[in-house]
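This is model-v6.cif (mmCIF, N, CA and C atoms).
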```cif
data_data
#
loop_
_atom_site.label_atom_id
_atom_site.label_comp_id
_atom_site.auth_asym_id
_atom_site.auth_seq_id
_atom_site.Cartn_x
_atom_site.Cartn_y
_atom_site.Cartn_z
N MET A 1426 -1.16 -14.54 -6.09
CA MET A 1426 -1.62 -14.33 -4.74
C MET A 1426 -2.15 -12.90 -4.60
N SER A 1427 -3.35 -12.75 -4.06
CA SER A 1427 -3.89 -11.41 -3.86
C SER A 1427 -3.64 -10.98 -2.41
N ILE A 1428 -3.44 -9.70 -2.25
CA ILE A 1428 -3.21 -9.14 -0.92
C ILE A 1428 -4.45 -8.36 -0.52
N TRP A 1429 -4.99 -8.66 0.65
CA TRP A 1429 -6.15 -7.94 1.16
C TRP A 1429 -5.74 -6.53 1.59
N LYS A 1430 -6.57 -5.55 1.24
CA LYS A 1430 -6.31 -4.17 1.65
C LYS A 1430 -7.63 -3.51 2.04
N PRO A 1431 -7.61 -2.74 3.12
CA PRO A 1431 -8.82 -1.98 3.46
C PRO A 1431 -8.96 -0.78 2.53
N HIS A 1432 -10.16 -0.24 2.46
CA HIS A 1432 -10.42 1.00 1.73
C HIS A 1432 -10.18 2.15 2.70
N VAL A 1433 -9.19 2.99 2.40
CA VAL A 1433 -8.86 4.11 3.27
C VAL A 1433 -9.74 5.29 2.90
N THR A 1434 -10.47 5.79 3.91
CA THR A 1434 -11.37 6.92 3.69
C THR A 1434 -11.12 8.00 4.73
N VAL A 1435 -11.61 9.19 4.42
CA VAL A 1435 -11.55 10.33 5.33
C VAL A 1435 -12.97 10.86 5.50
N ALA A 1436 -13.22 11.51 6.63
CA ALA A 1436 -14.53 12.12 6.88
C ALA A 1436 -14.33 13.44 7.60
N ALA A 1437 -15.11 14.44 7.20
CA ALA A 1437 -15.04 15.77 7.80
C ALA A 1437 -16.19 15.95 8.78
N LEU A 1438 -15.86 16.21 10.03
CA LEU A 1438 -16.86 16.55 11.05
C LEU A 1438 -16.85 18.07 11.17
N VAL A 1439 -17.92 18.68 10.67
CA VAL A 1439 -18.02 20.13 10.64
C VAL A 1439 -19.22 20.53 11.50
N GLU A 1440 -18.95 21.21 12.61
CA GLU A 1440 -20.01 21.61 13.53
C GLU A 1440 -20.12 23.12 13.55
N ARG A 1441 -21.36 23.61 13.49
CA ARG A 1441 -21.60 25.05 13.56
C ARG A 1441 -22.92 25.27 14.29
N ASP A 1442 -22.87 25.99 15.38
CA ASP A 1442 -24.07 26.32 16.15
C ASP A 1442 -24.88 25.09 16.53
N GLY A 1443 -24.17 24.02 16.93
CA GLY A 1443 -24.86 22.81 17.39
C GLY A 1443 -25.36 21.89 16.29
N ARG A 1444 -25.07 22.23 15.05
CA ARG A 1444 -25.48 21.39 13.91
C ARG A 1444 -24.22 20.90 13.18
N PHE A 1445 -24.35 19.72 12.61
CA PHE A 1445 -23.25 19.12 11.86
C PHE A 1445 -23.59 19.08 10.38
N LEU A 1446 -22.57 19.24 9.56
CA LEU A 1446 -22.71 19.20 8.11
C LEU A 1446 -22.69 17.76 7.63
N PHE A 1447 -23.74 17.36 6.95
CA PHE A 1447 -23.85 16.03 6.37
C PHE A 1447 -24.19 16.16 4.89
N VAL A 1448 -24.09 15.04 4.21
CA VAL A 1448 -24.56 14.97 2.83
C VAL A 1448 -25.64 13.89 2.74
N GLU A 1449 -26.62 14.15 1.91
CA GLU A 1449 -27.57 13.12 1.50
C GLU A 1449 -27.04 12.61 0.17
N GLU A 1450 -26.88 11.30 0.09
CA GLU A 1450 -26.27 10.75 -1.13
C GLU A 1450 -26.97 9.49 -1.57
N HIS A 1451 -26.93 9.26 -2.88
CA HIS A 1451 -27.43 8.01 -3.46
C HIS A 1451 -26.40 6.92 -3.19
N THR A 1452 -26.84 5.76 -2.69
CA THR A 1452 -25.98 4.60 -2.50
C THR A 1452 -26.71 3.38 -3.04
N VAL A 1453 -26.03 2.25 -3.09
CA VAL A 1453 -26.67 1.01 -3.53
C VAL A 1453 -27.78 0.60 -2.57
N ASP A 1454 -27.75 1.13 -1.34
CA ASP A 1454 -28.77 0.83 -0.34
C ASP A 1454 -29.85 1.90 -0.26
N GLY A 1455 -29.84 2.85 -1.19
CA GLY A 1455 -30.81 3.94 -1.18
C GLY A 1455 -30.17 5.24 -0.76
N ILE A 1456 -30.99 6.24 -0.47
CA ILE A 1456 -30.49 7.55 -0.06
C ILE A 1456 -30.06 7.47 1.40
N ARG A 1457 -28.83 7.88 1.66
CA ARG A 1457 -28.25 7.78 3.00
C ARG A 1457 -27.62 9.10 3.42
N LEU A 1458 -27.43 9.24 4.74
CA LEU A 1458 -26.72 10.38 5.32
C LEU A 1458 -25.30 9.96 5.67
N ASN A 1459 -24.38 10.87 5.43
CA ASN A 1459 -22.98 10.62 5.74
C ASN A 1459 -22.30 11.95 6.01
N GLN A 1460 -21.19 11.91 6.71
CA GLN A 1460 -20.35 13.09 6.76
C GLN A 1460 -19.79 13.28 5.34
N PRO A 1461 -19.37 14.50 5.02
CA PRO A 1461 -18.60 14.65 3.78
C PRO A 1461 -17.40 13.71 3.89
N ALA A 1462 -17.32 12.75 2.99
CA ALA A 1462 -16.32 11.69 3.15
C ALA A 1462 -16.00 11.08 1.80
N GLY A 1463 -14.86 10.42 1.75
CA GLY A 1463 -14.48 9.73 0.53
C GLY A 1463 -13.12 9.07 0.66
N HIS A 1464 -12.68 8.54 -0.46
CA HIS A 1464 -11.44 7.77 -0.49
C HIS A 1464 -10.21 8.67 -0.61
N LEU A 1465 -9.15 8.20 -0.03
CA LEU A 1465 -7.84 8.82 -0.17
C LEU A 1465 -7.36 8.59 -1.59
N ASP A 1466 -6.98 9.67 -2.27
CA ASP A 1466 -6.45 9.55 -3.63
C ASP A 1466 -4.94 9.38 -3.58
N GLU A 1467 -4.41 8.74 -4.60
CA GLU A 1467 -2.97 8.51 -4.68
C GLU A 1467 -2.21 9.83 -4.59
N GLY A 1468 -1.21 9.86 -3.75
CA GLY A 1468 -0.32 11.01 -3.64
C GLY A 1468 -0.77 12.11 -2.70
N GLU A 1469 -1.99 12.04 -2.17
CA GLU A 1469 -2.43 13.11 -1.28
C GLU A 1469 -2.35 12.67 0.18
N SER A 1470 -2.25 13.64 1.05
CA SER A 1470 -2.24 13.33 2.48
C SER A 1470 -3.67 13.14 2.96
N LEU A 1471 -3.82 12.58 4.14
CA LEU A 1471 -5.16 12.41 4.72
C LEU A 1471 -5.84 13.76 4.93
N VAL A 1472 -5.10 14.74 5.37
CA VAL A 1472 -5.64 16.08 5.60
C VAL A 1472 -6.09 16.70 4.28
N GLU A 1473 -5.26 16.58 3.25
CA GLU A 1473 -5.64 17.10 1.93
C GLU A 1473 -6.89 16.41 1.41
N ALA A 1474 -6.98 15.10 1.59
CA ALA A 1474 -8.15 14.35 1.14
C ALA A 1474 -9.41 14.82 1.84
N CYS A 1475 -9.31 15.07 3.13
CA CYS A 1475 -10.47 15.52 3.90
C CYS A 1475 -10.97 16.87 3.39
N ALA A 1476 -10.08 17.81 3.21
CA ALA A 1476 -10.47 19.13 2.71
C ALA A 1476 -11.06 19.03 1.30
N ARG A 1477 -10.47 18.21 0.46
CA ARG A 1477 -10.97 18.03 -0.91
C ARG A 1477 -12.38 17.44 -0.90
N GLU A 1478 -12.57 16.37 -0.12
CA GLU A 1478 -13.89 15.73 -0.09
C GLU A 1478 -14.97 16.67 0.43
N ALA A 1479 -14.65 17.46 1.47
CA ALA A 1479 -15.63 18.42 1.99
C ALA A 1479 -16.03 19.41 0.91
N LEU A 1480 -15.07 19.91 0.15
CA LEU A 1480 -15.37 20.86 -0.91
C LEU A 1480 -16.19 20.20 -2.02
N GLU A 1481 -15.77 19.03 -2.48
CA GLU A 1481 -16.45 18.36 -3.59
C GLU A 1481 -17.88 17.96 -3.23
N GLU A 1482 -18.12 17.60 -1.98
CA GLU A 1482 -19.44 17.08 -1.61
C GLU A 1482 -20.37 18.12 -1.01
N THR A 1483 -19.82 19.25 -0.51
CA THR A 1483 -20.68 20.24 0.14
C THR A 1483 -20.50 21.66 -0.35
N ALA A 1484 -19.49 21.92 -1.17
CA ALA A 1484 -19.14 23.26 -1.64
C ALA A 1484 -18.61 24.15 -0.52
N HIS A 1485 -18.14 23.53 0.57
CA HIS A 1485 -17.56 24.27 1.68
C HIS A 1485 -16.04 24.04 1.71
N HIS A 1486 -15.30 25.15 1.75
CA HIS A 1486 -13.87 25.06 2.02
C HIS A 1486 -13.73 24.93 3.53
N VAL A 1487 -12.92 23.96 3.97
CA VAL A 1487 -12.75 23.75 5.41
C VAL A 1487 -11.27 23.75 5.78
N ALA A 1488 -11.04 24.10 7.04
CA ALA A 1488 -9.73 23.93 7.65
C ALA A 1488 -9.81 22.65 8.46
N VAL A 1489 -8.83 21.79 8.32
CA VAL A 1489 -8.78 20.54 9.08
C VAL A 1489 -7.99 20.84 10.35
N ASP A 1490 -8.68 20.72 11.50
CA ASP A 1490 -8.11 21.19 12.76
C ASP A 1490 -7.53 20.10 13.65
N ALA A 1491 -8.14 18.92 13.66
CA ALA A 1491 -7.68 17.86 14.55
C ALA A 1491 -8.22 16.52 14.06
N LEU A 1492 -7.58 15.46 14.51
CA LEU A 1492 -8.06 14.10 14.24
C LEU A 1492 -9.02 13.72 15.36
N VAL A 1493 -10.21 13.28 15.01
CA VAL A 1493 -11.20 12.83 16.01
C VAL A 1493 -11.00 11.35 16.31
N GLY A 1494 -10.75 10.55 15.28
CA GLY A 1494 -10.54 9.14 15.52
C GLY A 1494 -10.26 8.37 14.24
N ILE A 1495 -9.85 7.14 14.44
CA ILE A 1495 -9.58 6.20 13.34
C ILE A 1495 -10.50 5.01 13.57
N TYR A 1496 -11.23 4.62 12.55
CA TYR A 1496 -12.29 3.63 12.69
C TYR A 1496 -12.12 2.52 11.64
N GLN A 1497 -12.20 1.30 12.08
CA GLN A 1497 -12.13 0.15 11.17
C GLN A 1497 -13.50 -0.51 11.17
N TRP A 1498 -14.12 -0.59 9.99
CA TRP A 1498 -15.47 -1.14 9.90
C TRP A 1498 -15.60 -2.08 8.70
N PRO A 1499 -15.77 -3.37 8.95
CA PRO A 1499 -16.08 -4.29 7.85
C PRO A 1499 -17.58 -4.23 7.57
N ARG A 1500 -17.93 -4.01 6.31
CA ARG A 1500 -19.35 -4.02 5.96
C ARG A 1500 -19.95 -5.38 6.30
N PRO A 1501 -21.21 -5.40 6.70
CA PRO A 1501 -21.84 -6.68 7.06
C PRO A 1501 -21.77 -7.74 5.96
N SER A 1502 -21.75 -7.29 4.71
CA SER A 1502 -21.66 -8.25 3.60
C SER A 1502 -20.29 -8.89 3.53
N GLY A 1503 -19.30 -8.31 4.22
CA GLY A 1503 -17.96 -8.89 4.27
C GLY A 1503 -17.09 -8.61 3.07
N ASP A 1504 -17.59 -7.83 2.11
CA ASP A 1504 -16.83 -7.61 0.88
C ASP A 1504 -15.79 -6.50 1.00
N ILE A 1505 -16.02 -5.54 1.89
CA ILE A 1505 -15.13 -4.38 2.02
C ILE A 1505 -14.94 -4.06 3.50
N THR A 1506 -13.71 -3.71 3.85
CA THR A 1506 -13.44 -3.14 5.17
C THR A 1506 -12.95 -1.71 4.96
N TYR A 1507 -13.58 -0.79 5.68
CA TYR A 1507 -13.18 0.61 5.60
C TYR A 1507 -12.27 0.96 6.77
N LEU A 1508 -11.27 1.76 6.49
CA LEU A 1508 -10.40 2.34 7.51
C LEU A 1508 -10.60 3.85 7.39
N ARG A 1509 -11.40 4.41 8.31
CA ARG A 1509 -11.83 5.80 8.23
C ARG A 1509 -11.03 6.67 9.20
N PHE A 1510 -10.52 7.78 8.69
CA PHE A 1510 -9.87 8.80 9.48
C PHE A 1510 -10.84 9.98 9.53
N ALA A 1511 -11.37 10.28 10.72
CA ALA A 1511 -12.35 11.34 10.87
C ALA A 1511 -11.70 12.56 11.50
N PHE A 1512 -11.98 13.72 10.92
CA PHE A 1512 -11.33 14.95 11.32
C PHE A 1512 -12.32 16.02 11.77
N ASP A 1513 -11.93 16.77 12.77
CA ASP A 1513 -12.64 17.96 13.21
C ASP A 1513 -12.24 19.08 12.23
N CYS A 1514 -13.24 19.70 11.62
CA CYS A 1514 -12.98 20.73 10.62
C CYS A 1514 -13.81 21.97 10.91
N SER A 1515 -13.35 23.11 10.44
CA SER A 1515 -14.12 24.34 10.55
C SER A 1515 -14.28 24.96 9.16
N VAL A 1516 -15.44 25.60 8.96
CA VAL A 1516 -15.74 26.19 7.66
C VAL A 1516 -14.93 27.47 7.47
N LEU A 1517 -14.30 27.56 6.31
CA LEU A 1517 -13.59 28.79 5.92
C LEU A 1517 -14.48 29.65 5.03
N SER A 1518 -15.15 29.00 4.06
CA SER A 1518 -16.03 29.72 3.13
C SER A 1518 -16.88 28.70 2.39
N GLU A 1519 -17.86 29.21 1.68
CA GLU A 1519 -18.74 28.36 0.87
C GLU A 1519 -18.75 28.89 -0.56
N GLU A 1520 -18.72 27.97 -1.52
CA GLU A 1520 -18.82 28.33 -2.94
C GLU A 1520 -20.26 28.14 -3.37
N ALA A 1521 -21.05 29.18 -3.23
CA ALA A 1521 -22.46 29.11 -3.63
C ALA A 1521 -22.56 28.76 -5.11
N GLY A 1522 -23.44 27.83 -5.43
CA GLY A 1522 -23.65 27.44 -6.82
C GLY A 1522 -22.70 26.39 -7.34
N ARG A 1523 -21.73 25.98 -6.55
CA ARG A 1523 -20.78 24.96 -7.00
C ARG A 1523 -21.51 23.63 -7.17
N ALA A 1524 -21.25 22.95 -8.27
CA ALA A 1524 -21.83 21.62 -8.50
C ALA A 1524 -21.21 20.63 -7.52
N LEU A 1525 -22.04 19.77 -6.93
CA LEU A 1525 -21.56 18.77 -5.99
C LEU A 1525 -21.22 17.48 -6.72
N ASP A 1526 -20.42 16.64 -6.07
CA ASP A 1526 -20.02 15.36 -6.65
C ASP A 1526 -21.23 14.55 -7.12
N GLU A 1527 -20.99 13.72 -8.12
CA GLU A 1527 -22.03 12.82 -8.61
C GLU A 1527 -22.52 11.95 -7.46
N GLY A 1528 -23.81 11.80 -7.35
CA GLY A 1528 -24.40 10.98 -6.31
C GLY A 1528 -24.79 11.75 -5.07
N ILE A 1529 -24.25 12.96 -4.91
CA ILE A 1529 -24.61 13.79 -3.76
C ILE A 1529 -25.88 14.57 -4.11
N ILE A 1530 -26.89 14.42 -3.27
CA ILE A 1530 -28.15 15.13 -3.49
C ILE A 1530 -28.05 16.56 -2.96
N ARG A 1531 -27.59 16.67 -1.71
CA ARG A 1531 -27.47 17.99 -1.10
C ARG A 1531 -26.67 17.90 0.18
N ALA A 1532 -26.19 19.06 0.61
CA ALA A 1532 -25.57 19.19 1.93
C ALA A 1532 -26.69 19.62 2.88
N VAL A 1533 -26.63 19.11 4.12
CA VAL A 1533 -27.68 19.41 5.09
C VAL A 1533 -27.05 19.52 6.49
N TRP A 1534 -27.53 20.48 7.28
CA TRP A 1534 -27.07 20.67 8.65
C TRP A 1534 -28.07 20.03 9.59
N LEU A 1535 -27.60 19.12 10.45
CA LEU A 1535 -28.47 18.41 11.39
C LEU A 1535 -27.90 18.48 12.80
N THR A 1536 -28.80 18.49 13.78
CA THR A 1536 -28.36 18.37 15.17
C THR A 1536 -28.05 16.90 15.43
N PRO A 1537 -27.28 16.61 16.47
CA PRO A 1537 -27.05 15.20 16.82
C PRO A 1537 -28.35 14.45 17.08
N GLU A 1538 -29.34 15.12 17.66
CA GLU A 1538 -30.63 14.48 17.92
C GLU A 1538 -31.36 14.14 16.63
N GLU A 1539 -31.32 15.04 15.67
CA GLU A 1539 -31.95 14.77 14.37
C GLU A 1539 -31.29 13.58 13.69
N LEU A 1540 -29.97 13.52 13.77
CA LEU A 1540 -29.25 12.40 13.18
C LEU A 1540 -29.60 11.10 13.91
N ALA A 1541 -29.59 11.14 15.23
CA ALA A 1541 -29.86 9.94 16.04
C ALA A 1541 -31.26 9.39 15.79
N SER A 1542 -32.19 10.25 15.41
CA SER A 1542 -33.58 9.82 15.23
C SER A 1542 -33.82 9.06 13.92
N GLN A 1543 -32.81 8.96 13.09
CA GLN A 1543 -33.00 8.29 11.80
C GLN A 1543 -31.85 7.34 11.45
N PRO A 1544 -31.57 6.36 12.30
CA PRO A 1544 -30.43 5.46 12.06
C PRO A 1544 -30.56 4.65 10.77
N GLU A 1545 -31.76 4.45 10.30
CA GLU A 1545 -31.95 3.71 9.05
C GLU A 1545 -31.39 4.47 7.85
N ARG A 1546 -31.11 5.74 8.02
CA ARG A 1546 -30.59 6.55 6.92
C ARG A 1546 -29.08 6.73 6.98
N TRP A 1547 -28.41 6.23 8.03
CA TRP A 1547 -26.96 6.39 8.13
C TRP A 1547 -26.28 5.54 7.07
N ARG A 1548 -25.25 6.06 6.47
CA ARG A 1548 -24.46 5.29 5.50
C ARG A 1548 -23.79 4.09 6.18
N SER A 1549 -23.37 4.30 7.42
CA SER A 1549 -22.78 3.22 8.23
C SER A 1549 -22.90 3.63 9.70
N PRO A 1550 -22.64 2.71 10.62
CA PRO A 1550 -22.67 3.08 12.04
C PRO A 1550 -21.59 4.09 12.40
N LEU A 1551 -20.59 4.25 11.55
CA LEU A 1551 -19.52 5.21 11.81
C LEU A 1551 -20.03 6.65 11.82
N VAL A 1552 -21.12 6.91 11.10
CA VAL A 1552 -21.65 8.28 11.02
C VAL A 1552 -21.98 8.79 12.42
N MET A 1553 -22.73 8.04 13.18
CA MET A 1553 -23.11 8.47 14.53
C MET A 1553 -21.95 8.34 15.50
N GLN A 1554 -21.14 7.29 15.36
CA GLN A 1554 -20.01 7.10 16.27
C GLN A 1554 -19.04 8.28 16.20
N CYS A 1555 -18.78 8.77 15.01
CA CYS A 1555 -17.88 9.91 14.87
C CYS A 1555 -18.44 11.15 15.56
N VAL A 1556 -19.75 11.38 15.42
CA VAL A 1556 -20.38 12.52 16.09
C VAL A 1556 -20.29 12.36 17.60
N GLN A 1557 -20.55 11.17 18.10
CA GLN A 1557 -20.48 10.92 19.54
C GLN A 1557 -19.06 11.16 20.07
N ASP A 1558 -18.06 10.70 19.33
CA ASP A 1558 -16.68 10.91 19.75
C ASP A 1558 -16.32 12.39 19.73
N TYR A 1559 -16.79 13.10 18.72
CA TYR A 1559 -16.57 14.55 18.63
C TYR A 1559 -17.21 15.24 19.84
N LEU A 1560 -18.46 14.91 20.13
CA LEU A 1560 -19.17 15.54 21.25
C LEU A 1560 -18.53 15.21 22.59
N ALA A 1561 -17.88 14.05 22.68
CA ALA A 1561 -17.18 13.65 23.91
C ALA A 1561 -15.84 14.38 24.05
N GLY A 1562 -15.49 15.19 23.06
CA GLY A 1562 -14.25 15.97 23.13
C GLY A 1562 -13.02 15.23 22.66
N GLN A 1563 -13.21 14.12 21.99
CA GLN A 1563 -12.06 13.34 21.53
C GLN A 1563 -11.36 14.08 20.38
N ARG A 1564 -10.13 14.49 20.60
CA ARG A 1564 -9.33 15.18 19.59
C ARG A 1564 -7.87 14.78 19.75
N PHE A 1565 -7.22 14.62 18.63
CA PHE A 1565 -5.79 14.34 18.62
C PHE A 1565 -5.14 15.35 17.68
N PRO A 1566 -3.96 15.85 18.03
CA PRO A 1566 -3.31 16.84 17.16
C PRO A 1566 -2.95 16.21 15.81
N LEU A 1567 -2.98 17.04 14.79
CA LEU A 1567 -2.63 16.55 13.45
C LEU A 1567 -1.21 16.06 13.37
N THR A 1568 -0.37 16.44 14.34
CA THR A 1568 1.02 15.99 14.33
C THR A 1568 1.14 14.48 14.59
N VAL A 1569 0.07 13.81 15.00
CA VAL A 1569 0.14 12.35 15.16
C VAL A 1569 0.17 11.66 13.80
N ILE A 1570 -0.14 12.41 12.75
CA ILE A 1570 -0.14 11.85 11.39
C ILE A 1570 1.12 12.35 10.69
N ARG A 1571 1.91 11.45 10.21
CA ARG A 1571 3.13 11.82 9.47
C ARG A 1571 2.92 11.47 8.00
N HIS A 1572 3.05 12.48 7.15
CA HIS A 1572 2.91 12.27 5.71
C HIS A 1572 4.27 12.56 5.06
N TYR A 1573 4.80 11.57 4.41
CA TYR A 1573 6.07 11.72 3.69
C TYR A 1573 5.77 11.63 2.21
N GLY A 1574 6.12 12.64 1.48
CA GLY A 1574 5.89 12.57 0.05
C GLY A 1574 5.70 13.88 -0.59
#
```

Can the structure from this file be put into structure tokens for me?
Amino acid sequence: MSIWKPHVTVAALVERDGRFLFVEEHTVDGIRLNQPAGHLDEGESLVEACAREALEETAHHVAVDALVGIYQWPRPSGDITYLRFAFDCSVLSEEAGRALDEGIIRAVWLTPEELASQPERWRSPLVMQCVQDYLAGQRFPLTVIRHYG
């Protein structure tokens, strides 16, 4: 008997001067825009995963400040359901020249309007929804997440 499980992912919402940090990445659907995001690795907390993914995909060290939201999204093909934890993050520093994760083309700063103007390039509808929730001021303290281990 197989047990169904969602894919647990994290996403970093990093805003600076009205622009958000995104990555352009190769996907099976072509080049797409996404927040710095990825899967939770065994043994790490959601907050640790978020900081790691931001560094690996953008060369930016970030502080994870608050939870913006939790999102459940089944891909239209029905093969995978993602459970995304999106976090409000702030830049601590950048590692100039750091190699980015495989498949990442580059990090790019976009305004919400620039992002909204190209929905065909979003990795998923969660990309814009997370920005909208962030702009609406949706924040939850990190203490709502309990990590034992």

Output check: residues returned by the PyMOL selection byres ((chain A and resi 1491-1498) around 6), as a list in words:
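Answer for the PyMOL selection byres ((chain A and resi 1491-1498) around 6): Val1489, Asp1490, Pro1499, Arg1500, Ile1505, Thr1506, Tyr1507, Leu1508, Arg1509, Phe1510, Ala1511, Phe1512, Asp1513, Cys1514, Gln1563, Arg1564, Phe1565, Pro1566 and Leu1567 of chain A.
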
Evaluated on this file, the PyMOL selection byres (((chain A and resi 1547 and name CA) around 10) and name CA) picks out some residues - which ones are they, written as a PyMOL selection string?
chain A and resi 1449+1456-1460+1540-1541+1543-1546+1548-1553

Given the file shown, determine the residues that the PyMOL selection byres (((chain A and resi 1478 and name CA) around 10) and name CA) selects; report them as a compact mmCIF listing (two decimals) with N, CA and C atoms, keeping the file's coordinate frame.
```
# COMPACT_ATOMS: atom_id res chain seq x y z
N THR A 1434 -10.47 5.79 3.91
CA THR A 1434 -11.37 6.92 3.69
C THR A 1434 -11.12 8.00 4.73
N VAL A 1435 -11.61 9.19 4.42
CA VAL A 1435 -11.55 10.33 5.33
C VAL A 1435 -12.97 10.86 5.50
N ALA A 1436 -13.22 11.51 6.63
CA ALA A 1436 -14.53 12.12 6.88
C ALA A 1436 -14.33 13.44 7.60
N ALA A 1437 -15.11 14.44 7.20
CA ALA A 1437 -15.04 15.77 7.80
C ALA A 1437 -16.19 15.95 8.78
N GLN A 1460 -21.19 11.91 6.71
CA GLN A 1460 -20.35 13.09 6.76
C GLN A 1460 -19.79 13.28 5.34
N PRO A 1461 -19.37 14.50 5.02
CA PRO A 1461 -18.60 14.65 3.78
C PRO A 1461 -17.40 13.71 3.89
N ALA A 1462 -17.32 12.75 2.99
CA ALA A 1462 -16.32 11.69 3.15
C ALA A 1462 -16.00 11.08 1.80
N GLY A 1463 -14.86 10.42 1.75
CA GLY A 1463 -14.48 9.73 0.53
C GLY A 1463 -13.12 9.07 0.66
N HIS A 1464 -12.68 8.54 -0.46
CA HIS A 1464 -11.44 7.77 -0.49
C HIS A 1464 -10.21 8.67 -0.61
N LEU A 1465 -9.15 8.20 -0.03
CA LEU A 1465 -7.84 8.82 -0.17
C LEU A 1465 -7.36 8.59 -1.59
N GLU A 1473 -5.26 16.58 3.25
CA GLU A 1473 -5.64 17.10 1.93
C GLU A 1473 -6.89 16.41 1.41
N ALA A 1474 -6.98 15.10 1.59
CA ALA A 1474 -8.15 14.35 1.14
C ALA A 1474 -9.41 14.82 1.84
N CYS A 1475 -9.31 15.07 3.13
CA CYS A 1475 -10.47 15.52 3.90
C CYS A 1475 -10.97 16.87 3.39
N ALA A 1476 -10.08 17.81 3.21
CA ALA A 1476 -10.47 19.13 2.71
C ALA A 1476 -11.06 19.03 1.30
N ARG A 1477 -10.47 18.21 0.46
CA ARG A 1477 -10.97 18.03 -0.91
C ARG A 1477 -12.38 17.44 -0.90
N ALA A 1479 -14.65 17.46 1.47
CA ALA A 1479 -15.63 18.42 1.99
C ALA A 1479 -16.03 19.41 0.91
N LEU A 1480 -15.07 19.91 0.15
CA LEU A 1480 -15.37 20.86 -0.91
C LEU A 1480 -16.19 20.20 -2.02
N GLU A 1481 -15.77 19.03 -2.48
CA GLU A 1481 -16.45 18.36 -3.59
C GLU A 1481 -17.88 17.96 -3.23
N GLU A 1482 -18.12 17.60 -1.98
CA GLU A 1482 -19.44 17.08 -1.61
C GLU A 1482 -20.37 18.12 -1.01
N THR A 1483 -19.82 19.25 -0.51
CA THR A 1483 -20.68 20.24 0.14
C THR A 1483 -20.50 21.66 -0.35
N ALA A 1484 -19.49 21.92 -1.17
CA ALA A 1484 -19.14 23.26 -1.64
C ALA A 1484 -18.61 24.15 -0.52
N HIS A 1485 -18.14 23.53 0.57
CA HIS A 1485 -17.56 24.27 1.68
C HIS A 1485 -16.04 24.04 1.71
N HIS A 1486 -15.30 25.15 1.75
CA HIS A 1486 -13.87 25.06 2.02
C HIS A 1486 -13.73 24.93 3.53
N VAL A 1487 -12.92 23.96 3.97
CA VAL A 1487 -12.75 23.75 5.41
C VAL A 1487 -11.27 23.75 5.78
N ASP A 1526 -20.42 16.64 -6.07
CA ASP A 1526 -20.02 15.36 -6.65
C ASP A 1526 -21.23 14.55 -7.12
```

Would you give me, as a VMD selection string, the residues in region 1442-1526 of chain A that DSSP reads as strand (DSSP E)?
chain A and resid 1444 to 1452 1455 to 1459 1462 to 1464 1485 to 1499 1506 to 1519

A straight line from CA of Ala1532 (chain A) to CA of Val1453 (chain A) spans 19.0 Å

When distances are computed from only C-alpha atoms, which of A:Gly1528, A:Pro1431, A:His1451, A:Val1439 shows the smallest separation from Gly1503 (chain A)?
A:Pro1431

Could you find all residues in chain A that DSSP calls alpha helix (DSSP H) from the backbone, and write them as a list of chain:residue names?
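Taking chain A and keeping alpha helix (DSSP H) gives A:Leu1471, A:Val1472, A:Glu1473, A:Ala1474, A:Cys1475, A:Ala1476, A:Arg1477, A:Glu1478, A:Ala1479, A:Leu1480, A:Glu1481, A:Glu1482, A:Thr1483, A:Pro1537, A:Glu1538, A:Glu1539, A:Leu1540, A:Ala1541, A:Leu1551, A:Val1552, A:Met1553, A:Gln1554, A:Cys1555, A:Val1556, A:Gln1557, A:Asp1558, A:Tyr1559, A:Leu1560.
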
Give me, please, the distance in Å between CA of Lys1430 (chain A) and CA of Asp1504 (chain A), quoted to one decimal.
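Separating CA of Lys1430 (chain A) from CA of Asp1504 (chain A) is a distance of 11.1 Å.
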
Using all atoms listed in the file: which of A:Ala1561, A:Arg1444, A:Ser1470, A:Val1433 has the shortest distance to Trp1534 (chain A):
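So, comparing all the options, the nearest one is A:Arg1444.
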
If the box runs along x, y and z of the file and leaves 4 Å on each side of region 1527-1532 of chain A, what are its centre and edge lengths in Å, one decimal, as JSON?
```
{"center_x": -24.6, "center_y": 15.3, "center_z": -2.9, "size_x": 15.2, "size_y": 16.6, "size_z": 19.5}
```

Which residue gives the smallest distance to Glu1538 (chain A) among A:Leu1438, A:Glu1450, A:Gly1443, A:Ala1521, with all atoms listed in the file counted?
A:Gly1443

What is the distance, in Å and to one decimal place, between atom N of Asp1558 (chain A) and CA of Glu1527 (chain A)?
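Going from atom N of Asp1558 (chain A) over to CA of Glu1527 (chain A) covers 28.3 Å.
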
Residue among A:Glu1519, A:Tyr1573, A:His1432, A:Leu1560 lying closest to Asp1466 (chain A), counting only C-alpha atoms:
A:His1432
